[in-house]
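Chemist: You'll find entry-v8.cif just under this line, and it carries mmCIF, C-alpha atoms and all ligand atoms.
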data_upload
loop_
_atom_site.label_atom_id
_atom_site.label_comp_id
_atom_site.auth_asym_id
_atom_site.auth_seq_id
_atom_site.Cartn_x
_atom_site.Cartn_y
_atom_site.Cartn_z
CA MET A 29 -17.93 63.54 7.81
CA THR A 30 -14.43 64.53 6.88
CA LYS A 31 -13.55 63.55 3.34
CA HIS A 32 -10.05 62.21 2.95
CA ASP A 33 -8.53 60.00 0.34
CA GLY A 34 -8.03 56.35 1.13
CA PHE A 35 -4.45 55.28 1.59
CA SER A 36 -3.00 54.61 -1.83
CA SER A 37 0.64 53.81 -1.30
CA ASP A 38 2.29 52.33 -4.34
CA GLU A 39 4.97 51.06 -2.00
CA ALA A 40 2.53 49.25 0.24
CA VAL A 41 2.13 45.58 -0.32
CA ALA A 42 -1.16 43.75 -0.03
CA ALA A 43 -0.10 41.72 3.00
CA VAL A 44 -2.51 41.89 5.88
CA VAL A 45 -0.90 41.90 9.28
CA ALA A 46 -3.22 40.22 11.70
CA PRO A 47 -2.96 41.85 15.13
CA PRO A 48 -1.51 39.55 17.75
CA PRO A 49 -3.99 38.21 20.30
CA THR A 50 -4.87 40.56 23.10
CA GLY A 51 -2.60 39.96 26.03
CA LEU A 52 0.59 39.57 24.09
CA HIS A 53 3.00 42.33 24.83
CA PHE A 54 4.37 42.68 21.37
CA SER A 55 3.84 41.53 17.87
CA PRO A 56 5.75 38.42 16.80
CA PHE A 57 6.18 40.08 13.40
CA PRO A 58 8.50 40.21 11.51
CA PRO A 59 9.37 36.53 11.64
CA PRO A 60 13.11 36.25 12.27
CA THR A 61 15.20 33.29 11.29
CA LYS A 62 15.19 30.51 13.87
CA ALA A 63 18.76 31.15 14.94
CA ALA A 64 18.33 34.91 15.02
CA ALA A 65 15.05 34.54 16.92
CA ARG A 66 16.74 32.38 19.54
CA ASP A 67 19.49 34.91 20.13
CA PHE A 68 17.22 37.95 19.94
CA LYS A 69 14.94 36.42 22.52
CA LYS A 70 17.84 35.72 24.85
CA LEU A 71 18.93 39.32 24.61
CA ALA A 72 15.42 40.70 24.94
CA ALA A 73 14.82 38.56 28.02
CA VAL A 74 17.88 39.98 29.72
CA HIS A 75 16.74 43.53 29.06
CA VAL A 76 13.24 42.84 30.27
CA ASP A 77 14.66 41.52 33.54
CA ILE A 78 16.89 44.54 33.92
CA ALA A 79 14.06 46.98 33.32
CA ALA A 80 11.37 45.12 35.28
CA PRO A 81 9.92 47.05 38.22
CA MET A 82 9.97 45.55 41.71
CA ALA A 83 6.54 44.22 42.47
CA GLY A 84 4.47 46.31 44.84
CA SER A 85 6.83 49.25 44.96
CA TRP A 86 5.37 52.52 43.80
CA PHE A 87 8.76 54.16 44.02
CA GLU A 88 10.36 51.53 41.80
CA SER A 89 7.42 51.78 39.46
CA MET A 90 8.01 55.53 39.18
CA LYS A 91 11.64 54.83 38.34
CA ASP A 92 10.64 52.21 35.82
CA SER A 93 8.29 54.58 34.03
CA SER A 94 10.90 57.33 34.05
CA PRO A 95 14.00 56.02 32.30
CA ARG A 96 17.13 58.07 32.29
CA ARG A 97 17.67 60.36 29.41
CA ALA A 98 18.69 58.60 26.24
CA ALA A 99 22.24 59.78 26.40
CA ASP A 100 22.61 58.48 29.93
CA ALA A 101 20.99 55.18 29.18
CA GLU A 102 22.85 54.55 25.97
CA HIS A 103 26.21 55.19 27.51
CA GLY A 104 25.46 54.73 31.17
CA ASP A 105 26.20 51.92 33.55
CA TRP A 106 22.87 50.08 33.48
CA MET A 107 23.45 48.76 30.01
CA VAL A 108 26.94 47.52 30.75
CA THR A 109 25.97 44.54 32.86
CA SER A 110 27.51 41.15 33.35
CA PRO A 111 24.71 39.25 31.56
CA LEU A 112 25.13 41.46 28.50
CA HIS A 113 28.86 40.99 28.46
CA LEU A 114 28.27 37.27 28.74
CA LEU A 115 25.85 37.38 25.82
CA LEU A 116 28.34 39.33 23.76
CA LEU A 117 30.88 36.61 24.38
CA VAL A 118 28.30 33.95 23.44
CA LEU A 119 27.63 35.78 20.17
CA VAL A 120 31.30 36.08 19.41
CA PHE A 121 32.10 32.43 20.07
CA SER A 122 28.93 31.07 18.46
CA GLY A 123 29.80 32.70 15.17
CA GLU A 124 26.82 35.07 15.17
CA VAL A 125 29.11 38.05 14.76
CA ASP A 126 28.81 38.18 11.01
CA ARG A 127 25.05 37.83 11.03
CA PHE A 128 24.45 40.72 13.40
CA GLY A 129 27.21 42.97 12.18
CA THR A 130 29.72 44.94 14.13
CA GLN A 131 27.31 47.78 14.85
CA TYR A 132 25.73 45.67 17.59
CA PHE A 133 28.94 45.55 19.53
CA SER A 134 28.05 48.69 21.39
CA SER A 135 25.59 48.85 24.26
CA SER A 136 23.34 51.21 22.26
CA GLY A 137 23.35 48.76 19.36
CA LEU A 138 22.24 45.96 21.64
CA VAL A 139 19.44 48.09 23.02
CA SER A 140 18.31 48.93 19.49
CA MET A 141 18.35 45.27 18.50
CA CYS A 142 16.29 44.28 21.54
CA VAL A 143 13.74 47.06 21.00
CA GLN A 144 13.24 46.03 17.39
CA GLU A 145 12.77 42.40 18.37
CA LYS A 146 10.02 43.36 20.81
CA HIS A 147 8.57 46.17 18.71
CA PRO A 148 9.48 46.07 14.99
CA SER A 149 10.45 49.44 13.55
CA ALA A 150 7.55 51.17 11.82
CA LEU A 151 10.12 52.72 9.48
CA LYS A 152 11.98 49.54 8.62
CA TRP A 153 8.71 47.63 8.16
CA PHE A 154 6.78 50.55 6.71
CA GLU A 155 5.39 48.74 3.67
CA VAL A 156 4.23 45.78 5.76
CA ALA A 157 2.84 47.90 8.60
CA LEU A 158 0.85 50.02 6.13
CA GLY A 159 0.05 47.16 3.78
CA ALA A 160 -3.23 46.47 5.55
CA ALA A 161 -4.17 50.14 5.13
CA LYS A 162 -4.23 50.03 1.36
CA GLY A 163 -7.52 51.41 0.06
CA LYS A 164 -8.67 52.29 3.58
CA GLN A 165 -9.26 55.59 5.32
CA ILE A 166 -6.29 56.27 7.59
CA VAL A 167 -6.99 58.35 10.68
CA MET A 168 -3.94 59.63 12.56
CA PHE A 169 -3.67 60.06 16.33
CA LEU A 170 -0.50 61.65 17.71
CA ASP A 171 0.62 62.12 21.29
CA TYR A 172 2.59 65.35 21.83
CA ASP A 173 5.32 65.17 24.51
CA GLY A 174 8.03 62.68 23.62
CA THR A 175 6.34 62.00 20.29
CA LEU A 176 6.21 65.30 18.40
CA SER A 177 8.48 67.14 20.81
CA PRO A 178 11.50 65.99 22.79
CA ILE A 179 11.12 65.39 26.52
CA VAL A 180 12.72 68.38 28.23
CA GLU A 181 13.31 69.32 31.83
CA ASP A 182 10.99 72.34 31.70
CA PRO A 183 7.63 71.17 30.31
CA ASP A 184 6.82 74.73 29.24
CA ARG A 185 9.73 74.55 26.80
CA ALA A 186 8.64 71.35 25.05
CA VAL A 187 8.33 73.08 21.70
CA MET A 188 8.10 71.19 18.44
CA SER A 189 10.42 71.98 15.58
CA GLU A 190 9.27 73.77 12.43
CA GLU A 191 10.24 70.65 10.48
CA MET A 192 7.94 68.54 12.65
CA ARG A 193 5.14 71.12 12.26
CA ASP A 194 5.56 70.93 8.49
CA ALA A 195 5.44 67.14 8.65
CA VAL A 196 2.20 67.17 10.68
CA ARG A 197 0.70 69.84 8.43
CA ARG A 198 1.51 67.78 5.34
CA LEU A 199 0.12 64.65 7.01
CA ALA A 200 -3.16 66.41 7.84
CA GLU A 201 -3.57 67.33 4.18
CA HIS A 202 -3.99 63.62 3.48
CA PHE A 203 -5.54 62.16 6.62
CA PRO A 204 -7.77 63.35 9.49
CA THR A 205 -5.24 64.02 12.25
CA ALA A 206 -5.74 64.41 16.00
CA ILE A 207 -3.34 65.39 18.75
CA VAL A 208 -4.07 63.44 21.95
CA SER A 209 -2.20 64.80 24.96
CA GLY A 210 -2.18 64.87 28.74
CA ARG A 211 -1.75 68.61 28.59
CA CYS A 212 -4.70 70.95 28.52
CA ARG A 213 -6.07 71.54 25.04
CA ASP A 214 -5.15 75.23 24.88
CA LYS A 215 -1.57 74.54 25.88
CA VAL A 216 -1.00 71.78 23.36
CA PHE A 217 -2.61 73.90 20.64
CA ASN A 218 -0.21 76.72 21.46
CA PHE A 219 2.66 74.30 20.88
CA VAL A 220 1.33 72.78 17.66
CA LYS A 221 -0.39 75.87 16.18
CA LEU A 222 -2.19 73.99 13.41
CA THR A 223 -5.87 74.89 13.19
CA GLU A 224 -6.75 72.05 10.82
CA LEU A 225 -6.23 69.34 13.48
CA TYR A 226 -8.43 67.76 16.13
CA TYR A 227 -7.18 68.32 19.67
CA ALA A 228 -7.90 66.02 22.62
CA GLY A 229 -6.35 67.61 25.73
CA SER A 230 -6.28 66.53 29.38
CA HIS A 231 -5.90 62.85 28.40
CA GLY A 232 -8.81 63.16 26.02
CA MET A 233 -11.23 64.75 28.47
CA ASP A 234 -11.37 67.98 26.47
CA ILE A 235 -11.85 67.47 22.73
CA GLU A 236 -12.36 69.96 19.95
CA GLY A 237 -12.23 69.60 16.19
CA PRO A 238 -11.17 72.19 13.62
CA ALA A 239 -13.57 74.97 12.74
CA LYS A 240 -15.14 74.34 9.34
CA GLN A 241 -13.53 77.35 7.74
CA GLN A 242 -10.11 76.15 8.96
CA SER A 243 -10.17 72.71 7.40
CA LYS A 244 -10.46 72.01 3.71
CA HIS A 245 -11.71 68.53 4.52
CA VAL A 246 -14.47 69.74 6.80
CA LYS A 247 -15.40 72.50 4.36
CA ALA A 248 -15.85 69.87 1.68
CA ASN A 249 -18.73 68.31 3.60
CA ALA A 250 -21.26 70.68 5.12
CA GLU A 251 -22.98 67.97 7.16
CA GLU A 252 -20.07 67.63 9.52
CA ALA A 253 -20.54 69.35 12.84
CA VAL A 254 -17.62 70.74 14.78
CA VAL A 255 -16.47 68.02 17.16
CA GLN A 256 -16.53 69.11 20.77
CA TYR A 257 -16.63 67.17 24.02
CA GLN A 258 -15.77 67.78 27.65
CA ALA A 259 -15.75 64.81 30.02
CA GLY A 260 -15.70 65.40 33.75
CA SER A 261 -16.38 69.13 33.73
CA GLU A 262 -18.03 68.75 37.16
CA PHE A 263 -14.56 68.03 38.56
CA LEU A 264 -13.11 71.39 37.55
CA PRO A 265 -13.60 73.08 40.96
CA ILE A 266 -11.83 70.34 42.95
CA ILE A 267 -9.05 70.05 40.34
CA GLU A 268 -8.44 73.77 40.81
CA GLU A 269 -8.50 73.36 44.60
CA VAL A 270 -6.02 70.47 44.54
CA TYR A 271 -3.78 72.42 42.17
CA HIS A 272 -3.37 75.23 44.70
CA THR A 273 -2.85 72.80 47.60
CA LEU A 274 -0.23 70.78 45.74
CA THR A 275 1.56 73.86 44.44
CA ALA A 276 2.03 75.01 48.03
CA LYS A 277 3.18 71.54 49.17
CA MET A 278 5.70 71.16 46.35
CA GLU A 279 7.46 74.41 47.26
CA SER A 280 9.40 72.40 49.87
CA ILE A 281 10.75 69.97 47.24
CA PRO A 282 13.29 71.62 44.92
CA GLY A 283 12.59 70.93 41.26
CA ALA A 284 9.01 69.70 41.73
CA MET A 285 6.43 71.45 39.60
CA VAL A 286 2.65 71.21 39.39
CA GLU A 287 1.08 71.83 35.99
CA ASN A 288 -2.61 72.65 35.74
CA ASN A 289 -4.04 70.91 32.69
CA LYS A 290 -7.58 72.03 33.46
CA TYR A 291 -9.19 68.57 33.68
CA CYS A 292 -6.14 66.96 35.26
CA LEU A 293 -2.95 67.90 37.10
CA SER A 294 0.61 66.87 36.32
CA VAL A 295 3.22 66.80 39.08
CA HIS A 296 6.59 66.83 37.32
CA PHE A 297 9.59 65.42 39.16
CA ARG A 298 12.08 65.37 36.28
CA CYS A 299 14.16 68.05 38.02
CA VAL A 300 13.83 66.54 41.51
CA GLN A 301 16.76 64.67 43.08
CA GLU A 302 16.04 60.94 42.89
CA GLU A 303 16.30 60.61 46.68
CA GLU A 304 13.28 62.91 46.95
CA TRP A 305 11.01 61.18 44.43
CA ASN A 306 9.41 59.26 47.28
CA ASP A 307 8.64 62.52 49.08
CA VAL A 308 6.86 63.80 45.98
CA GLU A 309 4.70 60.70 45.85
CA GLU A 310 3.93 60.78 49.56
CA GLU A 311 2.91 64.45 49.47
CA VAL A 312 0.63 63.86 46.49
CA ARG A 313 -0.95 60.81 48.10
CA SER A 314 -1.52 62.63 51.37
CA VAL A 315 -3.38 65.40 49.58
CA LEU A 316 -5.45 62.99 47.50
CA LYS A 317 -6.69 61.18 50.62
CA GLU A 318 -9.16 64.05 50.94
CA TYR A 319 -10.32 63.65 47.35
CA PRO A 320 -11.54 60.11 46.70
CA ASP A 321 -13.04 61.21 43.39
CA LEU A 322 -9.55 61.79 41.98
CA LYS A 323 -7.12 59.08 40.93
CA LEU A 324 -3.35 58.97 40.58
CA THR A 325 -1.45 57.53 37.63
CA HIS A 326 2.13 57.98 36.54
CA GLY A 327 4.02 58.65 33.34
CA ARG A 328 7.56 59.60 32.41
CA LYS A 329 8.80 61.46 35.49
CA VAL A 330 5.35 62.82 36.08
CA LEU A 331 2.46 61.95 38.39
CA GLU A 332 -0.96 62.51 36.86
CA ILE A 333 -4.07 63.36 38.89
CA ARG A 334 -7.35 62.82 37.11
CA PRO A 335 -11.05 62.44 37.89
CA SER A 336 -12.02 58.84 38.68
CA ILE A 337 -14.10 58.45 35.58
CA LYS A 338 -13.72 55.89 32.84
CA TRP A 339 -12.20 58.23 30.33
CA ASP A 340 -8.71 58.04 28.88
CA LYS A 341 -6.83 58.39 25.59
CA GLY A 342 -8.42 55.15 24.38
CA LYS A 343 -11.90 56.56 25.00
CA ALA A 344 -10.86 59.75 23.22
CA LEU A 345 -9.76 57.70 20.20
CA GLU A 346 -13.11 55.89 20.16
CA PHE A 347 -15.00 59.16 20.55
CA LEU A 348 -13.17 60.78 17.65
CA LEU A 349 -13.66 57.78 15.36
CA GLN A 350 -17.36 57.85 16.25
CA SER A 351 -17.64 61.60 15.74
CA LEU A 352 -15.97 61.36 12.36
CA GLY A 353 -18.35 58.64 11.28
CA TYR A 354 -15.69 55.94 11.17
CA ALA A 355 -16.82 53.75 14.07
CA GLY A 356 -17.73 50.20 13.08
CA ARG A 357 -16.43 50.58 9.54
CA SER A 358 -14.06 47.97 8.20
CA ASP A 359 -12.47 50.37 5.71
CA VAL A 360 -10.86 52.56 8.38
CA PHE A 361 -7.26 52.24 9.56
CA PRO A 362 -6.42 54.25 12.70
CA ILE A 363 -2.76 54.80 13.54
CA TYR A 364 -1.85 55.93 17.05
CA ILE A 365 1.69 57.07 17.90
CA GLY A 366 2.68 57.73 21.51
CA ASP A 367 5.48 57.23 24.01
CA ASP A 368 3.82 57.05 27.41
CA ARG A 369 1.91 54.63 29.61
CA THR A 370 -1.23 56.70 29.14
CA ASP A 371 -1.01 55.93 25.41
CA GLU A 372 -1.38 52.24 26.17
CA ASP A 373 -5.14 52.75 26.61
CA ALA A 374 -5.32 53.79 22.95
CA PHE A 375 -3.09 50.92 21.82
CA LYS A 376 -5.40 48.51 23.64
CA VAL A 377 -8.47 49.95 21.91
CA LEU A 378 -6.84 49.35 18.51
CA ARG A 379 -6.10 45.77 19.54
CA SER A 380 -9.66 45.25 20.74
CA ILE A 381 -11.27 46.55 17.55
CA GLY A 382 -8.70 44.67 15.44
CA GLN A 383 -8.02 47.67 13.24
CA GLY A 384 -5.04 49.90 12.61
CA ILE A 385 -1.72 49.88 14.43
CA GLY A 386 -0.25 51.32 17.58
CA ILE A 387 3.30 52.65 17.42
CA LEU A 388 5.29 53.11 20.63
CA VAL A 389 8.01 55.76 20.65
CA THR A 390 10.83 54.24 22.67
CA LYS A 391 14.50 53.43 22.67
CA PHE A 392 14.07 50.68 25.23
CA PRO A 393 12.15 47.41 25.38
CA LYS A 394 8.87 47.93 27.26
CA GLU A 395 5.69 46.07 27.85
CA THR A 396 3.18 47.52 25.43
CA ALA A 397 0.05 46.81 23.43
CA ALA A 398 1.59 48.63 20.45
CA SER A 399 2.67 46.57 17.45
CA TYR A 400 5.50 48.70 16.15
CA SER A 401 8.04 51.22 17.42
CA LEU A 402 9.88 54.37 16.49
CA ARG A 403 12.97 55.40 18.41
CA ASP A 404 12.36 59.12 18.96
CA PRO A 405 10.58 62.22 17.59
CA ALA A 406 13.08 62.38 14.71
CA GLU A 407 11.93 58.96 13.55
CA VAL A 408 8.30 60.00 14.09
CA LYS A 409 8.88 62.93 11.74
CA GLU A 410 10.46 60.63 9.17
CA PHE A 411 7.51 58.24 9.45
CA LEU A 412 4.94 61.03 9.03
CA CYS A 413 6.78 62.38 5.99
CA LYS A 414 6.94 58.90 4.51
CA MET A 415 3.20 58.47 4.96
CA ALA A 416 2.42 61.76 3.22
CA LYS A 417 4.83 60.87 0.44
CA ALA A 418 3.43 57.36 0.03
CA ASN A 419 -0.08 58.73 -0.27
CA LYS A 420 0.85 61.49 -2.66
CA GLY A 421 3.49 59.69 -4.65
CA ASP A 422 5.08 62.86 -5.97
CA GLY A 423 8.12 63.07 -3.78
CA ALA A 424 6.96 66.22 -2.02
CA ALA A 425 7.63 64.81 1.44
CA GLU A 426 11.07 63.73 0.35
CA LYS A 427 11.88 67.30 -0.51
CA MET A 428 10.50 68.46 2.82
CA MET A 429 12.80 66.13 4.71
CA THR A 430 15.95 67.33 2.97
MG MG A 501 3.98 61.53 25.54
#
For the structure just supplied, provide its representation as structure tokens.

Modeler:
Amino acid sequence: MTKHDGFSSDEAVAAVVAPPPTGLHFSPFPPPTKAAARDFKKLAAVHVDIAAPMAGSWFESMKDSSPRRAADAEHGDWMVTSPLHLLLLVLVFSGEVDRFGTQYFSSSGLVSMCVQEKHPSALKWFEVALGAAKGKQIVMFLDYDGTLSPIVEDPDRAVMSEEMRDAVRRLAEHFPTAIVSGRCRDKVFNFVKLTELYYAGSHGMDIEGPAKQQSKHVKANAEEAVVQYQAGSEFLPIIEEVYHTLTAKMESIPGAMVENNKYCLSVHFRCVQEEEWNDVEEEVRSVLKEYPDLKLTHGRKVLEIRPSIKWDKGKALEFLLQSLGYAGRSDVFPIYIGDDRTDEDAFKVLRSIGQGIGILVTKFPKETAASYSLRDPAEVKEFLCKMAKANKGDGAAEKMMT
């Protein structure tokens, strides 16, 4: 079993944050004032309505799961709506201006306020969020795209910054750390390039831990075996077959790209004209009719094709906790950070076991089983540095961030 120190933040308070009941979309914590809660909820409700997908429409669902780029959304037309203008006027005339501050009188400020009402900031509420981890073994799970790296138009260029790599490296010195990604394990390793981590690729269907000689924690305990697991390997031949079929089909749709993630396929439509998104979906569905053992899910401007087996990022989280000897222990505090729908399976597992916290990376209010939020990879980096610093208490992470 990997030997890591328990979390020993001097900053952390002893408060225990009880996870909200399963089924709630977001934590009611922190408790706002009554007046602020009333107004926050009004604003949040408006945004939820704006972002809600049209029932029964796959196309609308694709659009819903693929928000415009931040810059577009923050300054684009969808935020400047009549209900929001009306709410601004209500705030002005109800005297709430002073309470909220002038920074909220921009559309981006309103979005930020609504996100933090639905999903409290893991940075702003760091001490509370990590309070329940005091004295426990933290285990870190990190998604890659949109969490450690920015979402980019060419998925092959989704590189992480050196600063982020340093932050993850420093984090892994204190806590067992796993990368859980939809990409194939080799590809995500080539992006991250840290041998001391656990890697769960292809949505957790391909898992491998660090070699003993590459991890000081594993070296410290000779009884630990190298973690390795491949779910659904019998599907590899048909995944390969569908990859070639879809690659040929997508040649007729400019911008569409099929990525082979070994145990699953990703059909990216980020660079496809919106009018043709429906064509992408129809082509994929027509091919999959011949393969009932494969299922289709969708993420941020990507369609995911996976074997129809009960295995996902949540199962990968459970498998890794079990492999590390942490399953069923009350002194373990898993933290999962991710930005995509596929990460919800992991958030739900944390809710079901009543341990740890899920952190959604988002700038917009979304339905989620996560308890907290971070706005973007820059905030993720800040959070990771803060965790390493809190555990070490010597200011090293602070220096790294400057
Ligand atoms: Mg992601």

Chemist: What is the atom CA of Val196 of chain A to atom CA of Thr325 of chain A distance in Å?

Modeler: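 Calculated distance between atom CA of Val196 of chain A and atom CA of Thr325 of chain A is 28.9 Å.
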
Chemist: Kindly indicate which residue among A:Glu304, A:Glu395, A:Glu262, A:Glu268 lies nearest to Ser280 of chain A, using all atoms listed in the file for the distances.

Modeler: A:Glu304

Chemist: Could you give me, as a ChimeraX atom specification, the residues within 7 Å of Phe375 of chain A, counting all atoms listed in the file and dropping anything in the same chain fewer than 2 positions from it?

Modeler: /A:371-373,377-379,386,397-398

Chemist: Applying 7 Å and all atoms listed in the file, which residues near segment 211-218 of chain A remain after dropping the ones on its own chain fewer than 3 positions away? List them as number ranges by chain.

Modeler: A: 221, 227-230, 234, 289-290

Chemist: What separation in Å, quoted to one decimal, exists between atom CA of Phe219 of chain A and atom CA of Trp305 of chain A?

Modeler: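 Atom CA of Trp305 of chain A lies at a distance of 28.2 Å from atom CA of Phe219 of chain A.
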
Chemist: Find the residues near ligand MG 501 (chain A). Use a cut-off of 10 Å, count all atoms listed in the file, and write them as JSON, numbers by chain.

Modeler: {"A": [170, 171, 172, 173, 174, 175, 176, 177, 178, 179, 208, 209, 210, 211, 327, 328, 365, 366, 367, 368, 369, 370, 371, 388, 389]}

Chemist: Excluding Leu316 of chain A and its own-chain neighbours fewer than 2 positions away, which residues fall within 12 Å of it when counting only C-alpha atoms? Please give them as a ChimeraX atom specification.

Modeler: /A:266-267,269-271,273-274,293,309-314,318-325,332-336

Chemist: Quick one: of A:Val220, A:Ala406, A:Cys413, A:Val308, who's nearest to Ile281 of chain A, counting all atoms listed in the file?

Modeler: A:Val308

Chemist: Take atom CA of Gly382 of chain A and atom CA of Thr396 of chain A and report the distance between them in Å, one decimal.

Modeler: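 Computed distance, atom CA of Gly382 of chain A to atom CA of Thr396 of chain A, equals 15.8 Å.
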
Chemist: Need the neighbours of (-12.5, 63.1, 33.6): which residues are at most 6 Å away, counting only C-alpha atoms, as a list in words?

Modeler: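 Residues found, by chain and rising number: Met233, Ala259, Gly260, Pro335, Ile337 and Trp339 of chain A.
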
Chemist: Could you check which of A:Asp340, A:Ser294, A:Gly237, A:Val255 is closest to His326 of chain A, using all atoms listed in the file?

Modeler: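 Of all the options, A:Ser294 lies closest to His326 of chain A.
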
Chemist: Calculated over only C-alpha atoms, which of the candidates A:Leu402, A:Leu199, A:Val187, A:Leu264 has the smallest distance to Tyr291 of chain A?

Modeler: A:Leu264

Chemist: Compare A:Cys292, A:Val330, A:Ala374, A:Ile363 by their minimum atom-to-atom distance to Met415 of chain A, counting only C-alpha atoms, and give me the closest one.

Modeler: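 Using only C-alpha atoms, Met415 of chain A sits closest to A:Ile363.
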
Chemist: How would segment 272-288 of chain A read, as a short mmCIF file (atom, residue, chain, number, x, y, z; two decimals), in the frame of the given file, once N, CA and C atoms are built in?

Modeler:
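Just written: selection_13.cif:
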data_model
loop_
_atom_site.label_atom_id
_atom_site.label_comp_id
_atom_site.auth_asym_id
_atom_site.auth_seq_id
_atom_site.Cartn_x
_atom_site.Cartn_y
_atom_site.Cartn_z
N HIS A 272 -3.94 74.23 43.78
CA HIS A 272 -3.37 75.23 44.70
C HIS A 272 -2.75 74.56 45.92
N THR A 273 -3.39 73.51 46.43
CA THR A 273 -2.85 72.80 47.60
C THR A 273 -1.50 72.16 47.26
N LEU A 274 -1.46 71.47 46.12
CA LEU A 274 -0.23 70.78 45.74
C LEU A 274 0.89 71.75 45.39
N THR A 275 0.54 72.86 44.78
CA THR A 275 1.56 73.86 44.44
C THR A 275 2.25 74.35 45.71
N ALA A 276 1.46 74.57 46.76
CA ALA A 276 2.03 75.01 48.03
C ALA A 276 2.90 73.91 48.64
N LYS A 277 2.43 72.67 48.60
CA LYS A 277 3.18 71.54 49.17
C LYS A 277 4.51 71.33 48.45
N MET A 278 4.52 71.46 47.15
CA MET A 278 5.70 71.16 46.35
C MET A 278 6.80 72.23 46.47
N GLU A 279 6.44 73.36 47.08
CA GLU A 279 7.46 74.41 47.26
C GLU A 279 8.61 73.93 48.12
N SER A 280 8.34 72.91 48.97
CA SER A 280 9.40 72.40 49.87
C SER A 280 10.28 71.36 49.18
N ILE A 281 9.94 70.97 47.96
CA ILE A 281 10.75 69.97 47.24
C ILE A 281 11.36 70.63 46.00
N PRO A 282 12.66 70.93 46.06
CA PRO A 282 13.29 71.62 44.92
C PRO A 282 13.14 70.84 43.62
N GLY A 283 12.72 71.55 42.58
CA GLY A 283 12.59 70.93 41.26
C GLY A 283 11.19 70.43 40.95
N ALA A 284 10.36 70.21 41.98
CA ALA A 284 9.01 69.70 41.73
C ALA A 284 8.14 70.81 41.16
N MET A 285 7.26 70.44 40.25
CA MET A 285 6.43 71.45 39.60
C MET A 285 5.04 70.88 39.31
N VAL A 286 4.01 71.65 39.64
CA VAL A 286 2.65 71.21 39.39
C VAL A 286 2.10 71.96 38.18
N GLU A 287 1.62 71.22 37.21
CA GLU A 287 1.08 71.83 35.99
C GLU A 287 -0.43 71.63 35.98
N ASN A 288 -1.15 72.72 35.78
CA ASN A 288 -2.61 72.65 35.74
C ASN A 288 -3.06 72.42 34.30
#
